[in-house]
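File shown: structure06.json (JSON, C-alpha atoms).
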[["chain", "number", "residue", "atom", "x", "y", "z"],
["A", 1, "MET", "CA", -31.12, -8.79, 11.58],
["A", 2, "ARG", "CA", -28.11, -8.29, 13.86],
["A", 3, "ASP", "CA", -29.94, -9.76, 16.85],
["A", 4, "TRP", "CA", -31.40, -12.65, 14.85],
["A", 5, "THR", "CA", -30.64, -16.15, 16.18],
["A", 6, "ALA", "CA", -31.51, -19.69, 15.20],
["A", 7, "GLU", "CA", -34.42, -19.50, 17.63],
["A", 8, "ASP", "CA", -35.99, -16.89, 15.35],
["A", 9, "MET", "CA", -36.21, -19.28, 12.42],
["A", 10, "PRO", "CA", -39.76, -20.09, 11.37],
["A", 11, "ASP", "CA", -41.00, -23.65, 11.75],
["A", 12, "GLN", "CA", -39.50, -25.92, 9.08],
["A", 13, "SER", "CA", -41.93, -28.82, 9.40],
["A", 14, "GLY", "CA", -42.81, -30.29, 6.02],
["A", 15, "ARG", "CA", -39.72, -28.81, 4.37],
["A", 16, "THR", "CA", -36.94, -30.94, 2.87],
["A", 17, "ILE", "CA", -33.45, -29.46, 3.06],
["A", 18, "VAL", "CA", -30.16, -30.70, 1.60],
["A", 19, "ILE", "CA", -26.90, -29.60, 3.22],
["A", 20, "THR", "CA", -23.61, -30.45, 1.52],
["A", 21, "GLY", "CA", -20.60, -31.02, 3.75],
["A", 22, "ALA", "CA", -22.91, -31.63, 6.70],
["A", 23, "ASN", "CA", -20.62, -33.89, 8.72],
["A", 24, "SER", "CA", -18.79, -31.05, 10.49],
["A", 25, "GLY", "CA", -18.48, -27.31, 11.01],
["A", 26, "LEU", "CA", -21.04, -24.99, 9.45],
["A", 27, "GLY", "CA", -22.92, -27.81, 7.76],
["A", 28, "LEU", "CA", -23.35, -29.83, 10.95],
["A", 29, "HIS", "CA", -24.44, -26.81, 12.98],
["A", 30, "SER", "CA", -26.90, -25.86, 10.25],
["A", 31, "ALA", "CA", -28.31, -29.36, 10.56],
["A", 32, "TYR", "CA", -28.65, -29.05, 14.35],
["A", 33, "ALA", "CA", -30.59, -25.80, 14.02],
["A", 34, "LEU", "CA", -32.84, -26.91, 11.16],
["A", 35, "ALA", "CA", -33.61, -30.29, 12.77],
["A", 36, "ALA", "CA", -34.70, -28.48, 15.92],
["A", 37, "LYS", "CA", -37.24, -26.62, 13.78],
["A", 38, "GLY", "CA", -38.66, -29.80, 12.28],
["A", 39, "ALA", "CA", -37.01, -29.96, 8.84],
["A", 40, "HIS", "CA", -36.53, -33.21, 6.94],
["A", 41, "LEU", "CA", -32.76, -33.20, 6.43],
["A", 42, "LEU", "CA", -30.64, -34.89, 3.80],
["A", 43, "LEU", "CA", -27.00, -34.66, 4.89],
["A", 44, "ALA", "CA", -24.82, -34.90, 1.79],
["A", 45, "CYS", "CA", -21.34, -36.06, 2.84],
["A", 46, "ARG", "CA", -18.26, -37.47, 1.15],
["A", 47, "SER", "CA", -17.31, -39.86, 3.97],
["A", 48, "PRO", "CA", -19.97, -42.46, 4.80],
["A", 49, "GLU", "CA", -18.46, -42.98, 8.26],
["A", 50, "ARG", "CA", -18.35, -39.31, 9.20],
["A", 51, "GLY", "CA", -21.73, -38.76, 7.61],
["A", 52, "ALA", "CA", -23.28, -41.56, 9.66],
["A", 53, "ARG", "CA", -21.84, -40.04, 12.84],
["A", 54, "ALA", "CA", -23.32, -36.67, 11.88],
["A", 55, "VAL", "CA", -26.75, -38.24, 11.37],
["A", 56, "ASP", "CA", -26.53, -39.82, 14.83],
["A", 57, "GLN", "CA", -25.41, -36.52, 16.37],
["A", 58, "VAL", "CA", -28.30, -34.61, 14.84],
["A", 59, "ARG", "CA", -30.80, -37.27, 15.89],
["A", 60, "THR", "CA", -29.46, -37.04, 19.42],
["A", 61, "THR", "CA", -30.21, -33.32, 19.59],
["A", 62, "ALA", "CA", -33.57, -33.61, 17.79],
["A", 63, "PRO", "CA", -34.93, -37.15, 18.31],
["A", 64, "ARG", "CA", -38.11, -36.51, 16.32],
["A", 65, "ALA", "CA", -36.34, -35.12, 13.28],
["A", 66, "LYS", "CA", -36.13, -37.07, 10.04],
["A", 67, "VAL", "CA", -32.45, -37.12, 9.12],
["A", 68, "GLU", "CA", -30.92, -39.15, 6.28],
["A", 69, "LEU", "CA", -27.46, -39.58, 4.79],
["A", 70, "VAL", "CA", -26.67, -39.08, 1.11],
["A", 71, "ARG", "CA", -23.28, -40.05, -0.29],
["A", 72, "LEU", "CA", -21.82, -37.09, -2.23],
["A", 73, "ASP", "CA", -18.30, -36.42, -3.45],
["A", 74, "LEU", "CA", -18.35, -33.00, -5.12],
["A", 75, "SER", "CA", -14.96, -33.67, -6.69],
["A", 76, "ASP", "CA", -16.45, -36.45, -8.84],
["A", 77, "LEU", "CA", -19.26, -35.60, -11.26],
["A", 78, "ALA", "CA", -20.37, -39.24, -11.38],
["A", 79, "SER", "CA", -20.95, -39.03, -7.62],
["A", 80, "VAL", "CA", -22.77, -35.70, -8.04],
["A", 81, "ARG", "CA", -25.13, -37.26, -10.59],
["A", 82, "ALA", "CA", -25.78, -40.28, -8.38],
["A", 83, "ALA", "CA", -26.37, -38.08, -5.31],
["A", 84, "ALA", "CA", -28.80, -35.84, -7.21],
["A", 85, "ALA", "CA", -30.82, -38.87, -8.30],
["A", 86, "ASP", "CA", -30.80, -40.22, -4.73],
["A", 87, "ILE", "CA", -31.90, -36.84, -3.31],
["A", 88, "ARG", "CA", -34.75, -36.48, -5.79],
["A", 89, "GLU", "CA", -36.02, -39.95, -4.91],
["A", 90, "ARG", "CA", -35.79, -39.40, -1.15],
["A", 91, "ALA", "CA", -37.36, -35.95, -1.39],
["A", 92, "GLY", "CA", -40.20, -37.13, -3.58],
["A", 93, "ASP", "CA", -38.89, -34.72, -6.23],
["A", 94, "ARG", "CA", -39.85, -31.77, -4.03],
["A", 95, "LEU", "CA", -36.91, -29.91, -2.46],
["A", 96, "HIS", "CA", -37.31, -26.72, -0.43],
["A", 97, "VAL", "CA", -33.70, -25.71, 0.30],
["A", 98, "LEU", "CA", -30.33, -26.64, -1.15],
["A", 99, "MET", "CA", -27.50, -25.36, 1.03],
["A", 100, "ASN", "CA", -24.25, -25.48, -0.96],
["A", 101, "ASN", "CA", -22.03, -25.48, 2.11],
["A", 102, "ALA", "CA", -19.15, -27.92, 1.52],
["A", 103, "GLY", "CA", -15.69, -26.69, 0.64],
["A", 104, "VAL", "CA", -11.98, -27.41, 0.60],
["A", 105, "PHE", "CA", -9.28, -24.88, 1.41],
["A", 106, "GLY", "CA", -5.62, -24.55, 0.53],
["A", 107, "PRO", "CA", -4.45, -27.95, -0.75],
["A", 108, "PRO", "CA", -1.52, -28.29, -3.14],
["A", 109, "LEU", "CA", -2.33, -28.36, -6.83],
["A", 110, "GLY", "CA", -4.51, -31.40, -7.40],
["A", 111, "ARG", "CA", -7.20, -32.58, -9.77],
["A", 112, "THR", "CA", -10.72, -33.84, -9.31],
["A", 113, "ALA", "CA", -11.86, -37.09, -10.89],
["A", 114, "ASP", "CA", -12.84, -35.03, -13.94],
["A", 115, "GLY", "CA", -9.56, -33.11, -14.19],
["A", 116, "PHE", "CA", -10.57, -29.80, -12.59],
["A", 117, "GLU", "CA", -8.35, -27.91, -10.14],
["A", 118, "ILE", "CA", -9.45, -29.35, -6.81],
["A", 119, "GLN", "CA", -10.78, -26.15, -5.17],
["A", 120, "MET", "CA", -12.60, -24.79, -8.22],
["A", 121, "GLY", "CA", -13.83, -28.27, -9.05],
["A", 122, "THR", "CA", -15.17, -28.99, -5.56],
["A", 123, "ASN", "CA", -16.27, -25.60, -4.29],
["A", 124, "HIS", "CA", -17.82, -24.25, -7.47],
["A", 125, "LEU", "CA", -18.19, -26.73, -10.33],
["A", 126, "GLY", "CA", -19.44, -29.59, -8.17],
["A", 127, "HIS", "CA", -22.02, -27.35, -6.53],
["A", 128, "ALA", "CA", -23.10, -25.83, -9.85],
["A", 129, "ALA", "CA", -23.67, -29.31, -11.25],
["A", 130, "LEU", "CA", -25.61, -30.40, -8.17],
["A", 131, "THR", "CA", -27.77, -27.26, -8.27],
["A", 132, "TRP", "CA", -28.70, -27.75, -11.93],
["A", 133, "LEU", "CA", -29.47, -31.45, -11.43],
["A", 134, "LEU", "CA", -31.71, -30.67, -8.45],
["A", 135, "MET", "CA", -33.47, -27.70, -10.03],
["A", 136, "PRO", "CA", -36.49, -29.76, -11.19],
["A", 137, "ALA", "CA", -37.13, -30.74, -7.55],
["A", 138, "LEU", "CA", -36.58, -27.18, -6.35],
["A", 139, "ARG", "CA", -39.09, -25.90, -8.91],
["A", 140, "GLN", "CA", -41.73, -28.22, -7.42],
["A", 141, "ALA", "CA", -41.48, -26.71, -3.91],
["A", 142, "PRO", "CA", -43.17, -23.34, -3.28],
["A", 143, "GLY", "CA", -40.67, -20.69, -2.23],
["A", 144, "ALA", "CA", -37.61, -22.92, -2.66],
["A", 145, "ARG", "CA", -34.13, -21.52, -2.07],
["A", 146, "VAL", "CA", -30.55, -22.24, -3.07],
["A", 147, "VAL", "CA", -27.98, -20.86, -0.59],
["A", 148, "THR", "CA", -24.36, -20.95, -1.74],
["A", 149, "LEU", "CA", -21.46, -20.29, 0.63],
["A", 150, "SER", "CA", -18.89, -17.71, -0.39],
["A", 151, "SER", "CA", -16.17, -16.11, 1.74],
["A", 152, "LEU", "CA", -14.45, -12.85, 2.59],
["A", 153, "ALA", "CA", -11.65, -14.31, 0.45],
["A", 154, "HIS", "CA", -13.68, -13.57, -2.68],
["A", 155, "ARG", "CA", -12.63, -9.92, -2.38],
["A", 156, "ARG", "CA", -8.95, -10.58, -2.96],
["A", 157, "THR", "CA", -9.02, -11.96, -6.48],
["A", 158, "THR", "CA", -10.46, -11.95, -9.99],
["A", 159, "LEU", "CA", -11.58, -14.81, -12.20],
["A", 160, "ARG", "CA", -9.46, -16.14, -15.06],
["A", 161, "LEU", "CA", -12.14, -17.74, -17.19],
["A", 162, "ASP", "CA", -9.51, -18.70, -19.76],
["A", 163, "ASP", "CA", -7.69, -20.80, -17.14],
["A", 164, "LEU", "CA", -10.08, -21.69, -14.31],
["A", 165, "ASN", "CA", -8.27, -24.97, -13.70],
["A", 166, "TYR", "CA", -4.67, -23.74, -13.53],
["A", 167, "GLU", "CA", -3.48, -25.52, -16.62],
["A", 168, "ARG", "CA", -1.23, -22.62, -17.69],
["A", 169, "ARG", "CA", -0.73, -20.43, -14.61],
["A", 170, "ARG", "CA", 1.56, -20.87, -11.65],
["A", 171, "TYR", "CA", -0.52, -22.28, -8.82],
["A", 172, "ASN", "CA", -1.17, -20.44, -5.57],
["A", 173, "ALA", "CA", -3.47, -22.38, -3.22],
["A", 174, "PHE", "CA", -4.81, -19.31, -1.43],
["A", 175, "VAL", "CA", -5.50, -17.38, -4.63],
["A", 176, "ALA", "CA", -7.22, -20.45, -6.06],
["A", 177, "TYR", "CA", -9.42, -20.67, -2.97],
["A", 178, "GLY", "CA", -10.41, -17.01, -3.35],
["A", 179, "GLU", "CA", -11.25, -17.61, -7.01],
["A", 180, "SER", "CA", -13.49, -20.54, -6.12],
["A", 181, "LYS", "CA", -15.31, -18.40, -3.55],
["A", 182, "LEU", "CA", -15.68, -15.55, -6.06],
["A", 183, "ALA", "CA", -17.14, -18.10, -8.47],
["A", 184, "ASN", "CA", -19.58, -19.22, -5.75],
["A", 185, "LEU", "CA", -20.86, -15.69, -5.25],
["A", 186, "MET", "CA", -21.09, -14.88, -8.95],
["A", 187, "PHE", "CA", -22.84, -18.17, -9.65],
["A", 188, "ALA", "CA", -25.41, -17.57, -6.89],
["A", 189, "GLN", "CA", -26.29, -14.13, -8.19],
["A", 190, "GLU", "CA", -26.32, -15.13, -11.87],
["A", 191, "LEU", "CA", -28.53, -18.10, -11.01],
["A", 192, "ASP", "CA", -30.99, -15.76, -9.33],
["A", 193, "ARG", "CA", -31.05, -13.43, -12.35],
["A", 194, "ARG", "CA", -31.89, -16.37, -14.59],
["A", 195, "LEU", "CA", -34.51, -17.76, -12.24],
["A", 196, "SER", "CA", -36.14, -14.35, -12.01],
["A", 197, "ALA", "CA", -36.20, -14.06, -15.80],
["A", 198, "THR", "CA", -38.22, -17.30, -15.99],
["A", 199, "ASP", "CA", -40.57, -16.31, -13.13],
["A", 200, "ALA", "CA", -39.50, -19.41, -11.20],
["A", 201, "ASP", "CA", -40.61, -19.60, -7.57],
["A", 202, "VAL", "CA", -37.00, -20.27, -6.50],
["A", 203, "LEU", "CA", -34.60, -17.81, -4.91],
["A", 204, "SER", "CA", -30.82, -18.04, -5.11],
["A", 205, "LEU", "CA", -28.80, -16.34, -2.36],
["A", 206, "ALA", "CA", -25.25, -16.36, -1.03],
["A", 207, "ALA", "CA", -23.81, -16.17, 2.47],
["A", 208, "HIS", "CA", -20.46, -16.16, 4.23],
["A", 209, "PRO", "CA", -19.51, -16.94, 7.85],
["A", 210, "GLY", "CA", -16.97, -14.17, 8.46],
["A", 211, "LEU", "CA", -14.21, -15.60, 10.65],
["A", 212, "THR", "CA", -15.67, -18.74, 12.16],
["A", 213, "ASP", "CA", -14.03, -21.68, 13.90],
["A", 214, "THR", "CA", -14.68, -24.52, 11.45],
["A", 215, "GLU", "CA", -12.72, -27.55, 10.22],
["A", 216, "LEU", "CA", -12.12, -26.01, 6.80],
["A", 217, "ALA", "CA", -8.60, -24.75, 7.57],
["A", 218, "ALA", "CA", -7.72, -27.95, 9.39],
["A", 219, "ASN", "CA", -8.92, -30.06, 6.46],
["A", 220, "GLY", "CA", -6.81, -27.98, 4.10],
["A", 221, "GLY", "CA", -3.84, -28.42, 6.40],
["A", 222, "ARG", "CA", -4.16, -32.17, 6.29],
["A", 223, "ALA", "CA", -4.24, -32.06, 2.51],
["A", 224, "ARG", "CA", -1.08, -29.95, 2.45],
["A", 225, "ARG", "CA", 0.76, -32.23, 4.87],
["A", 226, "ASN", "CA", 2.26, -29.02, 6.26],
["A", 227, "LYS", "CA", 2.00, -29.63, 9.99],
["A", 228, "LEU", "CA", 3.35, -26.23, 11.01],
["A", 229, "LEU", "CA", 0.77, -24.40, 8.90],
["A", 230, "GLU", "CA", -1.97, -26.75, 10.11],
["A", 231, "VAL", "CA", -1.12, -25.98, 13.75],
["A", 232, "GLY", "CA", -0.94, -22.25, 13.05],
["A", 233, "LEU", "CA", -4.33, -22.22, 11.35],
["A", 234, "GLY", "CA", -5.79, -24.24, 14.18],
["A", 235, "LEU", "CA", -4.53, -21.79, 16.80],
["A", 236, "PHE", "CA", -5.81, -18.84, 14.78],
["A", 237, "ASN", "CA", -9.23, -20.48, 14.59],
["A", 238, "LYS", "CA", -9.41, -20.84, 18.36],
["A", 239, "VAL", "CA", -8.39, -17.30, 19.33],
["A", 240, "ALA", "CA", -9.68, -15.07, 16.52],
["A", 241, "THR", "CA", -12.93, -16.58, 15.30],
["A", 242, "MET", "CA", -16.60, -16.90, 16.23],
["A", 243, "ARG", "CA", -18.00, -20.12, 17.54],
["A", 244, "THR", "CA", -19.54, -22.18, 14.77],
["A", 245, "GLU", "CA", -23.07, -21.87, 16.15],
["A", 246, "ARG", "CA", -22.75, -18.10, 15.66],
["A", 247, "GLY", "CA", -20.96, -18.21, 12.32],
["A", 248, "VAL", "CA", -23.70, -20.33, 10.83],
["A", 249, "LEU", "CA", -26.41, -17.71, 11.34],
["A", 250, "SER", "CA", -25.89, -15.93, 8.00],
["A", 251, "GLN", "CA", -26.58, -19.04, 5.94],
["A", 252, "LEU", "CA", -29.51, -20.02, 8.16],
["A", 253, "TYR", "CA", -30.98, -16.54, 7.73],
["A", 254, "ALA", "CA", -30.61, -16.77, 3.95],
["A", 255, "ALA", "CA", -32.22, -20.22, 3.97],
["A", 256, "THR", "CA", -35.22, -19.47, 6.17],
["A", 257, "ALA", "CA", -35.95, -15.79, 6.91],
["A", 258, "PRO", "CA", -39.16, -14.56, 5.27],
["A", 259, "ALA", "CA", -37.76, -11.11, 4.39],
["A", 260, "VAL", "CA", -34.92, -12.15, 2.07],
["A", 261, "ARG", "CA", -34.85, -11.36, -1.63],
["A", 262, "GLY", "CA", -33.19, -13.29, -4.40],
["A", 263, "GLY", "CA", -29.60, -12.41, -5.21],
["A", 264, "GLN", "CA", -28.83, -11.06, -1.74],
["A", 265, "TYR", "CA", -25.56, -11.87, 0.05],
["A", 266, "TYR", "CA", -25.47, -12.25, 3.83],
["A", 267, "GLY", "CA", -22.63, -12.23, 6.33],
["A", 268, "PRO", "CA", -21.84, -11.11, 9.89],
["A", 269, "ALA", "CA", -22.98, -7.52, 10.45],
["A", 270, "GLY", "CA", -20.11, -6.51, 12.75],
["A", 271, "PRO", "CA", -17.03, -4.47, 11.78],
["A", 272, "GLY", "CA", -15.36, -5.84, 8.68],
["A", 273, "GLU", "CA", -18.04, -8.56, 8.47],
["A", 274, "VAL", "CA", -15.79, -10.65, 10.68],
["A", 275, "TRP", "CA", -18.12, -11.24, 13.63],
["A", 276, "GLY", "CA", -21.73, -10.57, 14.54],
["A", 277, "GLY", "CA", -25.29, -11.48, 13.68],
["A", 278, "PRO", "CA", -26.48, -11.72, 10.08],
["A", 279, "GLY", "CA", -26.74, -8.71, 7.80],
["A", 280, "LEU", "CA", -26.32, -7.80, 4.16],
["A", 281, "ALA", "CA", -22.72, -8.37, 3.09],
["A", 282, "GLY", "CA", -20.47, -6.38, 0.80],
["A", 283, "CYS", "CA", -19.56, -7.66, -2.66],
["A", 284, "SER", "CA", -16.32, -6.91, -4.45],
["A", 285, "PRO", "CA", -16.55, -4.88, -7.68],
["A", 286, "GLU", "CA", -15.30, -7.93, -9.58],
["A", 287, "SER", "CA", -18.18, -10.04, -8.30],
["A", 288, "GLN", "CA", -20.71, -7.58, -9.73],
["A", 289, "ASP", "CA", -19.54, -7.89, -13.34],
["A", 290, "THR", "CA", -22.67, -9.44, -14.82],
["A", 291, "ALA", "CA", -21.03, -10.17, -18.18],
["A", 292, "VAL", "CA", -18.30, -12.24, -16.51],
["A", 293, "ALA", "CA", -20.91, -13.95, -14.30],
["A", 294, "ALA", "CA", -22.94, -14.93, -17.35],
["A", 295, "GLU", "CA", -19.83, -16.27, -19.06],
["A", 296, "LEU", "CA", -18.84, -18.19, -15.92],
["A", 297, "TYR", "CA", -22.30, -19.77, -15.88],
["A", 298, "GLU", "CA", -21.96, -20.94, -19.48],
["A", 299, "VAL", "CA", -18.34, -22.09, -19.09],
["A", 300, "SER", "CA", -19.32, -24.09, -16.01],
["A", 301, "GLY", "CA", -22.02, -25.85, -17.99],
["A", 302, "LYS", "CA", -19.56, -26.77, -20.72],
["A", 303, "LEU", "CA", -16.92, -28.00, -18.27],
["A", 304, "THR", "CA", -19.35, -30.17, -16.31],
["A", 305, "GLY", "CA", -21.28, -31.40, -19.35],
["A", 306, "ILE", "CA", -24.55, -30.52, -17.61],
["A", 307, "ALA", "CA", -27.05, -28.22, -19.27],
["A", 308, "PRO", "CA", -27.60, -25.23, -16.96],
["A", 309, "ASP", "CA", -31.11, -24.96, -15.50],
["A", 310, "PRO", "CA", -32.25, -22.30, -16.05],
["A", 311, "ALA", "CA", -30.30, -21.85, -19.26]]

For the structure just supplied, provide its representation as C-alpha cells.
Amino acid sequence: MRDWTAEDMPDQSGRTIVITGANSGLGLHSAYALAAKGAHLLLACRSPERGARAVDQVRTTAPRAKVELVRLDLSDLASVRAAAADIRERAGDRLHVLMNNAGVFGPPLGRTADGFEIQMGTNHLGHAALTWLLMPALRQAPGARVVTLSSLAHRRTTLRLDDLNYERRRYNAFVAYGESKLANLMFAQELDRRLSATDADVLSLAAHPGLTDTELAANGGRARRNKLLEVGLGLFNKVATMRTERGVLSQLYAATAPAVRGGQYYGPAGPGEVWGGPGLAGCSPESQDTAVAAELYEVSGKLTGIAPDPA
C-alpha cells in the first residue's frame, strides 16, 4: 500500500460518488483523481460560488467527466435533508461512494442551525444524518462504500456523551475538534458493524490525511478572527505538511481499492502516520470502546431526529 498512488485506482466509470466539502483541499483533490478515472461526481458544497468554481476546475482537468454541484450545509439539518433528496434524484437512487470529507476546525464556541456545538454538529452529526438519509441509495449499488474522515487529533480526547454540545462544560476549541474526529471514527466503525449484521453490501471505512496542507486550519482561523493564529497555522501548513495530492491518498484508497475490508481505518504509513502512502492506521483505545460507539450512534439519531439506517 505504501507505494500506492491515484494512478493505481481502478476505473470508476459507471460509479456515482458524493464528496462533501469538495470545493477545496482534500475534497477537491479527491474529485480531481476520481474524475480522471471516469466517476460521476456530485460535489456537495456549502458555498454555491466556491462549489461552482470547483466544478469548473474539475471539468478542466477531466473534460469528459460528469461533474455536478449539490448545495449542502452540514451545519443545518434542513439543508442536509434537501441535499440528500437532491443526491438521490441525481444519482437515480444508486450511490456507490459517499465520502464524508468536509470539516471545520477550531472556531470559537458557536451553534449550528439546530443548536449543536459547531464542530460536533458539522463534522459528525451532519455527516451521520447525511449517511443515514443516503443509505437507501447506497444499498442499491453493489459494493458501495462510506468513507468518513477522522484525524490524528482523535487520539487526544474522549467523548462526553452526556454533553456532546458543550452546554455544561468549559469550551476548548481544539479539544472539541478532537472529540468530533473521535466521533467520526467511532461512527464509521459502528456503522460497519451494523451493516455487517444485516448482510448489507455496503462497507463503512475511515481515513485520515496525517499532516496535509489543506484549507482546514485557515478556515478555522477565519472563524476565530485571530489573525496571528491564522498566520501561524498557515506557515506550519507550508513547511511541515504533505502536499494535498499526497495527503488525499488514504481516503482514495479506502474509497476504491479492491482489498479493503469494512471497519478499517487508513492513514499515511510513514513514521507517526504523519507522511507517506496509505496504510492501516492506529486507533486510540477510546475509539475501540464498542459500547460507547453504540451509544454514540443512538444518541446521534436522537439529536438529529433521523432514524439510524441500519438501526

Within 12 Å of Leu185 in chain A, counting only C-alpha atoms, which residues qualify if same-chain residues fewer than 4 places away don't, as a ChimeraX atom specification? /A:100,123-124,127-128,146-155,159,178-181,189-192,204-208,263-266,281-290,293,296-297

Close residues, Thr256 in chain A itself excluded, 12 Å, only C-alpha atoms, min 3 positions apart in chain, as a ChimeraX atom specification: /A:4-13,15,17,30,33-34,37,39,96-99,143-147,203,205,249-253,259-261

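If you look at CA of Thr241 in chain A and CA of Gly276 in chain A, they are 10.7 Å away from each other.
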
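Separating CA of Val18 in chain A from CA of Asp73 in chain A is a distance of 14.1 Å.
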
Top pick for closest residue to Ala84 in chain A, considering A:Gly277, A:Gly21, A:Pro136, A:Gly267 and counting all atoms listed in the file: A:Pro136

Nearby residues (only C-alpha atoms) at most 7 Å from Ala65 in chain A, same-chain spacing under 5 positions excluded, as a PyMOL selection string: chain A and resi 35+38-40+59
